[in-house]
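Participant: Next comes query-v4.cif, mmCIF, N, CA and C atoms:
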```cif
data_structure
loop_
_atom_site.label_atom_id
_atom_site.label_comp_id
_atom_site.auth_asym_id
_atom_site.auth_seq_id
_atom_site.Cartn_x
_atom_site.Cartn_y
_atom_site.Cartn_z
N GLU P 1 -7.91 8.52 -12.92
CA GLU P 1 -7.77 9.96 -13.12
C GLU P 1 -8.26 10.72 -11.89
N GLN P 2 -9.33 10.26 -11.27
CA GLN P 2 -9.85 10.94 -10.08
C GLN P 2 -8.85 10.90 -8.94
N TYR P 3 -8.12 9.80 -8.81
CA TYR P 3 -7.11 9.71 -7.75
C TYR P 3 -6.00 10.70 -8.01
N GLU P 4 -5.63 10.87 -9.27
CA GLU P 4 -4.59 11.85 -9.61
C GLU P 4 -5.05 13.27 -9.26
N LEU P 5 -6.31 13.57 -9.49
CA LEU P 5 -6.84 14.89 -9.14
C LEU P 5 -6.81 15.11 -7.63
N CYS P 6 -7.13 14.08 -6.90
CA CYS P 6 -7.10 14.17 -5.44
C CYS P 6 -5.67 14.40 -4.96
N ILE P 7 -4.73 13.68 -5.53
CA ILE P 7 -3.32 13.83 -5.14
C ILE P 7 -2.82 15.22 -5.49
N ALA P 8 -3.14 15.69 -6.68
CA ALA P 8 -2.66 16.99 -7.15
C ALA P 8 -3.31 18.15 -6.39
N GLY P 9 -4.54 17.95 -5.92
CA GLY P 9 -5.29 19.03 -5.30
C GLY P 9 -5.10 19.17 -3.80
N GLN P 10 -4.17 18.45 -3.22
CA GLN P 10 -3.93 18.52 -1.78
C GLN P 10 -5.18 18.19 -0.97
N HIS P 11 -5.92 17.21 -1.41
CA HIS P 11 -7.12 16.74 -0.73
C HIS P 11 -6.73 16.07 0.59
N PRO P 12 -7.57 16.19 1.62
CA PRO P 12 -7.21 15.59 2.92
C PRO P 12 -7.10 14.06 2.89
N ASP P 13 -7.65 13.41 1.90
CA ASP P 13 -7.58 11.95 1.80
C ASP P 13 -6.53 11.49 0.80
N GLN P 14 -5.44 12.22 0.72
CA GLN P 14 -4.40 11.85 -0.24
C GLN P 14 -3.80 10.48 0.03
N ASP P 15 -3.71 10.09 1.29
CA ASP P 15 -3.16 8.77 1.58
C ASP P 15 -4.01 7.68 0.93
N TYR P 16 -5.33 7.84 1.01
CA TYR P 16 -6.23 6.87 0.37
C TYR P 16 -6.08 6.91 -1.14
N ALA P 17 -5.92 8.10 -1.70
CA ALA P 17 -5.75 8.23 -3.15
C ALA P 17 -4.46 7.52 -3.61
N TRP P 18 -3.38 7.71 -2.87
CA TRP P 18 -2.13 7.03 -3.21
C TRP P 18 -2.29 5.51 -3.09
N TYR P 19 -2.97 5.08 -2.03
CA TYR P 19 -3.19 3.64 -1.83
C TYR P 19 -4.00 3.06 -2.99
N GLN P 20 -5.10 3.71 -3.35
CA GLN P 20 -5.94 3.22 -4.45
C GLN P 20 -5.21 3.28 -5.79
N LYS P 21 -4.38 4.30 -5.96
CA LYS P 21 -3.56 4.38 -7.17
C LYS P 21 -2.68 3.13 -7.28
N GLY P 22 -2.08 2.74 -6.16
CA GLY P 22 -1.25 1.53 -6.15
C GLY P 22 -2.04 0.27 -6.46
N ILE P 23 -3.24 0.17 -5.92
CA ILE P 23 -4.10 -0.99 -6.21
C ILE P 23 -4.37 -1.07 -7.71
N ILE P 24 -4.73 0.04 -8.29
CA ILE P 24 -5.05 0.07 -9.72
C ILE P 24 -3.81 -0.24 -10.55
N GLN P 25 -2.67 0.33 -10.17
CA GLN P 25 -1.44 0.04 -10.90
C GLN P 25 -1.14 -1.44 -10.89
N ASN P 26 -1.35 -2.09 -9.76
CA ASN P 26 -1.10 -3.53 -9.69
C ASN P 26 -2.07 -4.30 -10.57
N LEU P 27 -3.32 -3.89 -10.59
CA LEU P 27 -4.31 -4.54 -11.46
C LEU P 27 -3.97 -4.36 -12.94
N GLN P 28 -3.26 -3.28 -13.25
CA GLN P 28 -2.84 -3.01 -14.62
C GLN P 28 -1.47 -3.62 -14.93
N ASN P 29 -1.03 -4.54 -14.08
CA ASN P 29 0.25 -5.22 -14.24
C ASN P 29 1.44 -4.27 -14.18
N ASN P 30 1.31 -3.22 -13.40
CA ASN P 30 2.40 -2.28 -13.17
C ASN P 30 2.84 -2.45 -11.71
N ALA P 31 3.51 -3.58 -11.45
CA ALA P 31 3.89 -3.91 -10.07
C ALA P 31 4.87 -2.90 -9.49
N GLU P 32 5.80 -2.43 -10.29
CA GLU P 32 6.78 -1.47 -9.77
C GLU P 32 6.12 -0.14 -9.41
N GLY P 33 5.19 0.31 -10.25
CA GLY P 33 4.45 1.53 -9.93
C GLY P 33 3.60 1.35 -8.69
N ALA P 34 2.99 0.17 -8.56
CA ALA P 34 2.17 -0.12 -7.39
C ALA P 34 3.01 -0.12 -6.12
N LYS P 35 4.18 -0.76 -6.18
CA LYS P 35 5.05 -0.77 -5.01
C LYS P 35 5.50 0.65 -4.65
N ALA P 36 5.77 1.45 -5.67
CA ALA P 36 6.19 2.84 -5.42
C ALA P 36 5.06 3.62 -4.74
N SER P 37 3.83 3.42 -5.19
CA SER P 37 2.70 4.12 -4.58
C SER P 37 2.49 3.67 -3.13
N MET P 38 2.60 2.36 -2.90
CA MET P 38 2.46 1.86 -1.53
C MET P 38 3.59 2.38 -0.65
N SER P 39 4.79 2.43 -1.19
CA SER P 39 5.93 2.96 -0.44
C SER P 39 5.72 4.43 -0.12
N TYR P 40 5.10 5.16 -1.03
CA TYR P 40 4.82 6.57 -0.79
C TYR P 40 3.88 6.74 0.40
N VAL P 41 2.86 5.90 0.47
CA VAL P 41 1.94 5.95 1.62
C VAL P 41 2.71 5.67 2.91
N ILE P 42 3.52 4.63 2.89
CA ILE P 42 4.26 4.22 4.08
C ILE P 42 5.21 5.31 4.55
N LYS P 43 5.92 5.92 3.61
CA LYS P 43 6.91 6.93 3.96
C LYS P 43 6.29 8.27 4.37
N ASN P 44 5.25 8.69 3.66
CA ASN P 44 4.73 10.04 3.83
C ASN P 44 3.50 10.16 4.72
N TYR P 45 2.89 9.06 5.06
CA TYR P 45 1.68 9.10 5.89
C TYR P 45 1.80 8.07 7.02
N PRO P 46 2.73 8.27 7.95
CA PRO P 46 2.96 7.27 9.01
C PRO P 46 1.77 7.08 9.94
N ASP P 47 0.83 8.00 9.95
CA ASP P 47 -0.36 7.86 10.79
C ASP P 47 -1.60 7.46 9.99
N SER P 48 -1.40 7.08 8.75
CA SER P 48 -2.52 6.72 7.89
C SER P 48 -3.23 5.46 8.37
N ARG P 49 -4.53 5.46 8.24
CA ARG P 49 -5.28 4.24 8.58
C ARG P 49 -5.09 3.17 7.52
N TYR P 50 -4.41 3.52 6.42
CA TYR P 50 -4.14 2.56 5.34
C TYR P 50 -2.70 2.05 5.39
N LEU P 51 -1.98 2.37 6.44
CA LEU P 51 -0.58 2.00 6.54
C LEU P 51 -0.39 0.49 6.52
N ASP P 52 -1.16 -0.24 7.32
CA ASP P 52 -1.02 -1.70 7.31
C ASP P 52 -1.45 -2.29 5.98
N ASP P 53 -2.46 -1.70 5.36
CA ASP P 53 -2.89 -2.16 4.03
C ASP P 53 -1.78 -1.98 3.01
N ALA P 54 -1.11 -0.83 3.06
CA ALA P 54 -0.04 -0.54 2.12
C ALA P 54 1.13 -1.50 2.32
N GLU P 55 1.48 -1.76 3.59
CA GLU P 55 2.54 -2.72 3.88
C GLU P 55 2.17 -4.10 3.35
N PHE P 56 0.92 -4.52 3.61
CA PHE P 56 0.47 -5.82 3.14
C PHE P 56 0.52 -5.91 1.62
N GLN P 57 0.00 -4.91 0.94
CA GLN P 57 -0.03 -4.93 -0.52
C GLN P 57 1.37 -4.97 -1.11
N ARG P 58 2.27 -4.20 -0.54
CA ARG P 58 3.65 -4.20 -1.03
C ARG P 58 4.28 -5.58 -0.86
N ALA P 59 4.06 -6.21 0.29
CA ALA P 59 4.59 -7.55 0.53
C ALA P 59 3.93 -8.57 -0.41
N GLN P 60 2.65 -8.42 -0.63
CA GLN P 60 1.93 -9.34 -1.51
C GLN P 60 2.44 -9.25 -2.95
N ILE P 61 2.73 -8.04 -3.40
CA ILE P 61 3.28 -7.85 -4.74
C ILE P 61 4.62 -8.57 -4.85
N ASP P 62 5.47 -8.40 -3.83
CA ASP P 62 6.76 -9.11 -3.85
C ASP P 62 6.54 -10.62 -3.88
N PHE P 63 5.63 -11.10 -3.05
CA PHE P 63 5.35 -12.54 -3.01
C PHE P 63 4.89 -13.05 -4.37
N GLU P 64 3.97 -12.34 -4.99
CA GLU P 64 3.44 -12.77 -6.29
C GLU P 64 4.50 -12.76 -7.39
N ARG P 65 5.51 -11.94 -7.23
CA ARG P 65 6.59 -11.85 -8.23
C ARG P 65 7.76 -12.77 -7.89
N GLY P 66 7.62 -13.54 -6.82
CA GLY P 66 8.68 -14.48 -6.45
C GLY P 66 9.82 -13.85 -5.67
N ASN P 67 9.63 -12.65 -5.20
CA ASN P 67 10.63 -11.95 -4.38
C ASN P 67 10.33 -12.27 -2.91
N TYR P 68 10.70 -13.47 -2.50
CA TYR P 68 10.24 -13.98 -1.22
C TYR P 68 10.87 -13.32 -0.01
N GLU P 69 12.15 -12.98 -0.07
CA GLU P 69 12.78 -12.36 1.09
C GLU P 69 12.14 -11.01 1.43
N PRO P 70 11.98 -10.09 0.44
CA PRO P 70 11.29 -8.84 0.79
C PRO P 70 9.83 -9.08 1.19
N ALA P 71 9.20 -10.10 0.62
CA ALA P 71 7.82 -10.41 0.98
C ALA P 71 7.72 -10.81 2.45
N VAL P 72 8.63 -11.70 2.88
CA VAL P 72 8.63 -12.13 4.28
C VAL P 72 8.87 -10.95 5.20
N ASN P 73 9.82 -10.09 4.83
CA ASN P 73 10.09 -8.89 5.65
C ASN P 73 8.85 -7.99 5.71
N GLY P 74 8.18 -7.83 4.59
CA GLY P 74 6.98 -6.99 4.55
C GLY P 74 5.84 -7.56 5.38
N PHE P 75 5.62 -8.88 5.24
CA PHE P 75 4.57 -9.49 6.04
C PHE P 75 4.90 -9.41 7.53
N GLY P 76 6.19 -9.48 7.86
CA GLY P 76 6.61 -9.32 9.25
C GLY P 76 6.25 -7.94 9.79
N LYS P 77 6.40 -6.91 8.95
CA LYS P 77 6.03 -5.56 9.36
C LYS P 77 4.53 -5.45 9.60
N VAL P 78 3.76 -6.16 8.79
CA VAL P 78 2.30 -6.13 8.97
C VAL P 78 1.92 -6.68 10.34
N LEU P 79 2.64 -7.68 10.80
CA LEU P 79 2.32 -8.27 12.11
C LEU P 79 2.52 -7.30 13.26
N LEU P 80 3.27 -6.24 13.05
CA LEU P 80 3.47 -5.23 14.09
C LEU P 80 2.23 -4.38 14.33
N PHE P 81 1.31 -4.40 13.38
CA PHE P 81 0.05 -3.65 13.52
C PHE P 81 -0.94 -4.56 14.23
N THR P 82 -0.94 -4.51 15.55
CA THR P 82 -1.71 -5.46 16.34
C THR P 82 -3.21 -5.37 16.09
N GLN P 83 -3.71 -4.23 15.65
CA GLN P 83 -5.14 -4.07 15.41
C GLN P 83 -5.52 -4.31 13.94
N SER P 84 -4.56 -4.69 13.14
CA SER P 84 -4.81 -4.89 11.71
C SER P 84 -5.64 -6.14 11.47
N PRO P 85 -6.56 -6.07 10.51
CA PRO P 85 -7.32 -7.27 10.16
C PRO P 85 -6.44 -8.33 9.48
N PHE P 86 -5.23 -7.97 9.09
CA PHE P 86 -4.31 -8.92 8.45
C PHE P 86 -3.60 -9.79 9.48
N VAL P 87 -3.64 -9.41 10.76
CA VAL P 87 -2.96 -10.15 11.80
C VAL P 87 -3.89 -11.25 12.30
N PRO P 88 -3.41 -12.50 12.27
CA PRO P 88 -4.28 -13.59 12.75
C PRO P 88 -4.54 -13.49 14.25
N TYR P 89 -5.60 -14.09 14.66
CA TYR P 89 -5.99 -14.05 16.08
C TYR P 89 -5.14 -14.92 16.92
#
```
Would you encode the structure as structure tokens?
Facilitator:
Amino acid sequence: EQYELCIAGQHPDQDYAWYQKGIIQNLQNNAEGAKASMSYVIKNYPDSRYLDDAEFQRAQIDFERGNYEPAVNGFGKVLLFTQSPFVPY
């Protein structure tokens, strides 16, 4: 509920609120809602510090659901973030 208030109130950390909303949706077995929230971060906050996290989470959701082709594409996008902690050394 707090994330919804942040999103509705035009809070400066809306990207984080959308990202956390997606995390919670996934934990609640709402994979489609989670992917939509992650996609919202990716589309609407291209300079977000959570962009690589959102890409990773979206790919991970696809992987866990057996959607391997979109998962591979998503993980490939994560590799483009050279400073991301998700990129191996």
Participant: Would you kindly return, as number ranges by chain, each protein, DNA or RNA residue with an atom no farther than 8 Å from any atom of Val41 of chain P, considering only C-alpha atoms and excluding same-chain residues fewer than 3 positions away?
Facilitator: P: 15, 18-19, 37-38, 44-46, 48, 50-51, 54
Participant: Quick one, how far is atom C of Pro70 of chain P from atom N of Gln83 of chain P?
Facilitator: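 Atom-to-atom, atom C of Pro70 of chain P to atom N of Gln83 of chain P, that is 20.4 Å.
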Participant: I need the alpha helix (DSSP H) residues of chain P per DSSP on the backbone, written as a PyMOL selection string.
Facilitator: chain P and resi 2-8+14-27+31-44+51-64+68-78
Participant: Can you tell me, as a list in words, what residues are no more than 7 Å from Ala71 of chain P when counting all atoms listed in the file, ignoring any on the same chain fewer than 2 positions away?
Facilitator: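 Those residues are Arg58, Ala59, Gln60, Ile61, Asp62, Phe63, Asn67, Tyr68, Glu69, Asn73, Gly74, Phe75 and Gly76 of chain P.
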Participant: Work out how far apart atom CA of Ser84 of chain P and atom CA of Phe56 of chain P are and give it in Å to one decimal.
Facilitator: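 A separation of 10.1 Å between them.
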Participant: For atom CA of Gln14 of chain P and atom CA of Ala31 of chain P, determine how far apart the two atoms are, in Å to one decimal place.
Facilitator: 20.3 Å
Participant: Nearest to Gly22 of chain P: which of P:Val78, P:Val72, P:Ala36, P:Ala8 is it, counting all atoms listed in the file?
Facilitator: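 Between P:Val78, P:Val72, P:Ala36, P:Ala8, the residue approaching Gly22 of chain P most closely is P:Ala36.
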Participant: Could you check the closest approach to Arg49 of chain P for each of P:Ile23, P:Gly33, P:Gln28, P:Tyr16 and tell me which residue wins, using only N, CA and C atoms?
Facilitator: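 The closest residue to Arg49 of chain P is P:Tyr16.
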Participant: For Phe81 of chain P, which residue among P:Asn30, P:Gln20, P:Asp52, P:Asp47 is the nearest when counting only N, CA and C atoms?
Facilitator: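 Result for the nearest residue to Phe81 of chain P: P:Asp52.
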